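Take a look at the structure set out below.
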Amino acid sequence: MCGITGFFNPLGLNSEAANQILDEMLSSIEHRGPDSFGKKIDSKYGIALGHRRLAIQDLSKAGHQPMISKSGRFEIIFNGEIYNHFEIRKKIESSFRIHWISSSDTETLLSAIDCWGIDSALKETVGMFAFALWDNVEKSLYFARDRMGEKPLYYGWQGGVLLFSSELKSLTKHPQFKKQINQDIIPTFMRLGYIPNPYSIWQGIFKLLPGTWVRFNKDQIGAIPKQIEYWSLKEAVHNSRVNRFTGSEEDACDELEYLLNKSISGQQISDVPIGAFLSGGIDSSTVVALMQKQSSKNIKTFTIGFYDKDYNEANHAKLVADHLCTDHTELFITSDDAINVIPKLSKMYDEPFGDSSAIPTFLVSALAKQNVTVSLSGDGGDELFGGYNRYASLQVWYDRVNRIPESIRSNLNFISNLLKRKSLGSNQRKISIISDLLSSKTDIDYYKAIHGRWRSNENLIPETQEQQSIFNSFYLNYPSDSIVETAMLFDQLNYLPEDILFKVDRAAMAVSLETRVPFLDHRIVEWSWTLPVSFKSGENCEKKILKSLLYRHVPQKIFERPKMGFGVPISNWLRGPLREWADALLSVENLAKHEIFNPIPVQKKWRELIRGSDFHEADIWHILVFQDWLNANK
């Protein structure tokens, strides 16, 4: 894993100034690559490329970046891993005479682009990555990102200069960067708790979409070219309709085991120590079970535990580790340990991020880094195989509402709207959700009704038509055959890359740890969509097919308990040790100072939470992290 950064000014650069700026940009992301760094500056054509290296494959200097292709045409700075790069090498060798100088996957990718072109090369890859590629012939700059969005890439024009980096903090080091908040995305953040692609918190700075590449030409200063899809999740869903899996559940379990074994085998390639996160849940336990099956040594696994039993899965993880005979490390942390992470979050994530599980994710990453440089995780299992409770709840609500005749639904909706105006606090929210459900017309309307926080009628922010349009745009065009699949597709396109993967990347890279996600091999993603939804999610039976696979390797009785999220007791902390911190951030004076949020609804929910209601925990946490980020970036 690495970090990339740089800038492109087609009018040219001052070499000395550019070198100093690039040094500062590189220094800000040293945590992503502490082993070495490299630079390329061409003042005549205005390109500056910077790379921080965390050496994983080929630890020698032969893997140094920026790396130039055999033809001399392309130079690349690359972040990520190409798991099938040795297979790609064989394909290249079948048509081209080539002399390899390293065993680096970067050299493989660069040669593939040299031989086949960027689009064809990307379609051959199995991996996670983001990279910038300079074309010395056409004097143009390319960006590309992996299919599911595991690795980040930000870019945007600022003052006639195109800036780009793995993390936003690097962009802010460039003198042309303008710290202008993207006001239009704030309502969407308050509902979702994350900033979805292609937006960022900064005006004019964007995230490259997963599965795409883009080319910037020297004669189009300020233009944002169209991104080219080399892979599309929506297209994969469409194709799955004509290629449905026709076997039994047992057949599907066999196929999933084969595909996951293949993915895990590729992702265990490393020249540095490797291990896995083990929460004790279905997803991570499945990954660890198959890793251990493939290994002749006891693999290293890592778990953090909480003394609060409602949030502790460490005991369950220990049962799994003991059964599989892994080399297991667990660390029980106190509330003070977790709370001490909170001041680091604004700098770690660079933009407001409302998922409180960022705290334990950082702690387990720090624990793993003491023993390994690479760790596999079970992320993606919930989104691919229907693991969230909300999927089953959504189906229940959908069935209930659709049993009500249209005329009666209309009357009930009218009554609920009247009650909504007269209700307070959590009752108002609940009635608002029911009202939205009663007026839903499409599958995605139903998911929108139960999804997210801080609804538009709560008057947190005076929303413009443009802000409402941006939020609504994330709930358009979800081609699927059932309401559960609609929700799963939404999550795979939005929640997974911009919450789950964003969270893990920043938390792990903050301690220079590479994470890998076997479930998100695109071949598994594509295959999962061919399965009947009944193989995935149903009443009281989430992740049916995945559980069947796990129970081949670990006794079912270990998992006979309610599903737990990877979270922390935020409400209890806000009423206790975090009370003073939260009071200050949520004070009328502090809220008024930034002139973004209406203090009245914030104070109302804060008082309810203090009195013991956990219903508004996420709403308040979203406000707190935003206010804390504002203070850190004033």
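Within each chain, counting starts at residue 1; across the structure tokens, chains are named A, B, ... in the order shown, with ligands numbered 1 upward in that order.
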- Item | Backbone-only DSSP, alpha helix (DSSP H) members of region 335-577 of chain A, as number ranges by chain | A: 335-339, 345-349, 358-369, 381-385, 389-402, 406-422, 425-438, 443-450, 465-473, 483-490, 502-509, 522-528, 544-550, 570-575
Select from region 62-264 of chain A everything DSSP, run on the backbone, classes as strand (DSSP E or B), then give the selection as a compact mmCIF listing (two decimals) with C-alpha atoms, in the first residue's frame.
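Printed below is out_14.txt as written:
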```txt
# COMPACT_ATOMS: atom_id res chain seq x y z
CA MET A 67 8.20 3.97 -12.44
CA ILE A 68 8.71 4.39 -16.17
CA PHE A 74 4.37 6.15 -19.48
CA GLU A 75 5.30 6.96 -15.87
CA ILE A 76 3.13 5.78 -13.00
CA ILE A 77 2.56 6.35 -9.29
CA PHE A 78 0.49 3.49 -7.95
CA ASN A 79 -1.35 2.73 -4.69
CA GLY A 80 -2.70 -0.79 -4.14
CA GLU A 81 -2.18 -4.37 -5.21
CA ILE A 82 -2.77 -6.33 -8.44
CA GLY A 127 -7.09 -6.01 -7.39
CA MET A 128 -7.51 -2.80 -5.44
CA PHE A 129 -5.78 0.34 -6.61
CA ALA A 130 -5.70 3.99 -7.55
CA PHE A 131 -3.01 5.46 -9.74
CA ALA A 132 -1.88 8.47 -11.75
CA LEU A 133 -0.24 7.87 -15.13
CA TRP A 134 1.71 10.45 -17.12
CA ASP A 135 1.91 10.08 -20.91
CA SER A 140 -1.63 14.02 -20.77
CA LEU A 141 -2.45 12.71 -17.31
CA TYR A 142 -4.61 9.66 -16.50
CA PHE A 143 -6.26 8.63 -13.24
CA ALA A 144 -7.82 5.21 -12.53
CA ARG A 145 -9.52 3.50 -9.59
CA TYR A 154 -9.18 12.86 -5.05
CA TYR A 155 -8.68 15.42 -7.79
CA GLY A 156 -9.77 18.88 -8.89
CA TRP A 157 -8.71 22.14 -10.50
CA GLN A 158 -7.65 24.92 -8.15
CA VAL A 161 -3.67 23.74 -11.42
CA LEU A 162 -4.97 20.16 -11.35
CA LEU A 163 -4.32 18.70 -7.87
CA PHE A 164 -4.63 15.01 -6.99
CA SER A 165 -3.84 12.73 -4.08
CA ILE A 181 -16.60 24.16 1.89
CA TYR A 199 -18.21 14.75 -4.06
CA TRP A 202 -14.21 20.87 -0.51
CA PHE A 206 -13.95 15.26 -6.44
CA LYS A 207 -13.50 11.54 -5.88
CA THR A 212 -13.40 4.25 -14.01
CA TRP A 213 -10.48 6.08 -15.57
CA VAL A 214 -10.17 9.64 -16.81
CA ARG A 215 -7.75 11.55 -19.01
CA PHE A 216 -6.70 15.20 -18.63
CA ILE A 228 -14.71 6.17 -18.72
CA GLU A 229 -16.15 2.99 -17.17
```
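With CA of Pro562 (chain A) on one side and CA of Trp606 (chain A) on the other, the separation reads 28.9 Å.
For the pair CA of Tyr478 (chain A) and CA of Ser263 (chain A), the separation is 27.4 Å.
Those residues that approach Leu574 (chain A) to within 10 Å, counting only C-alpha atoms, are Pro569, Ile570, Ser571, Asn572, Gly576, Pro577, Leu578, Arg579, Glu580, Trp581, Ala582, Asp583, Trp606, Leu609, Ile610, Glu617, Ile620 and Trp621 of chain A; same-chain residues fewer than 2 positions away are not listed.
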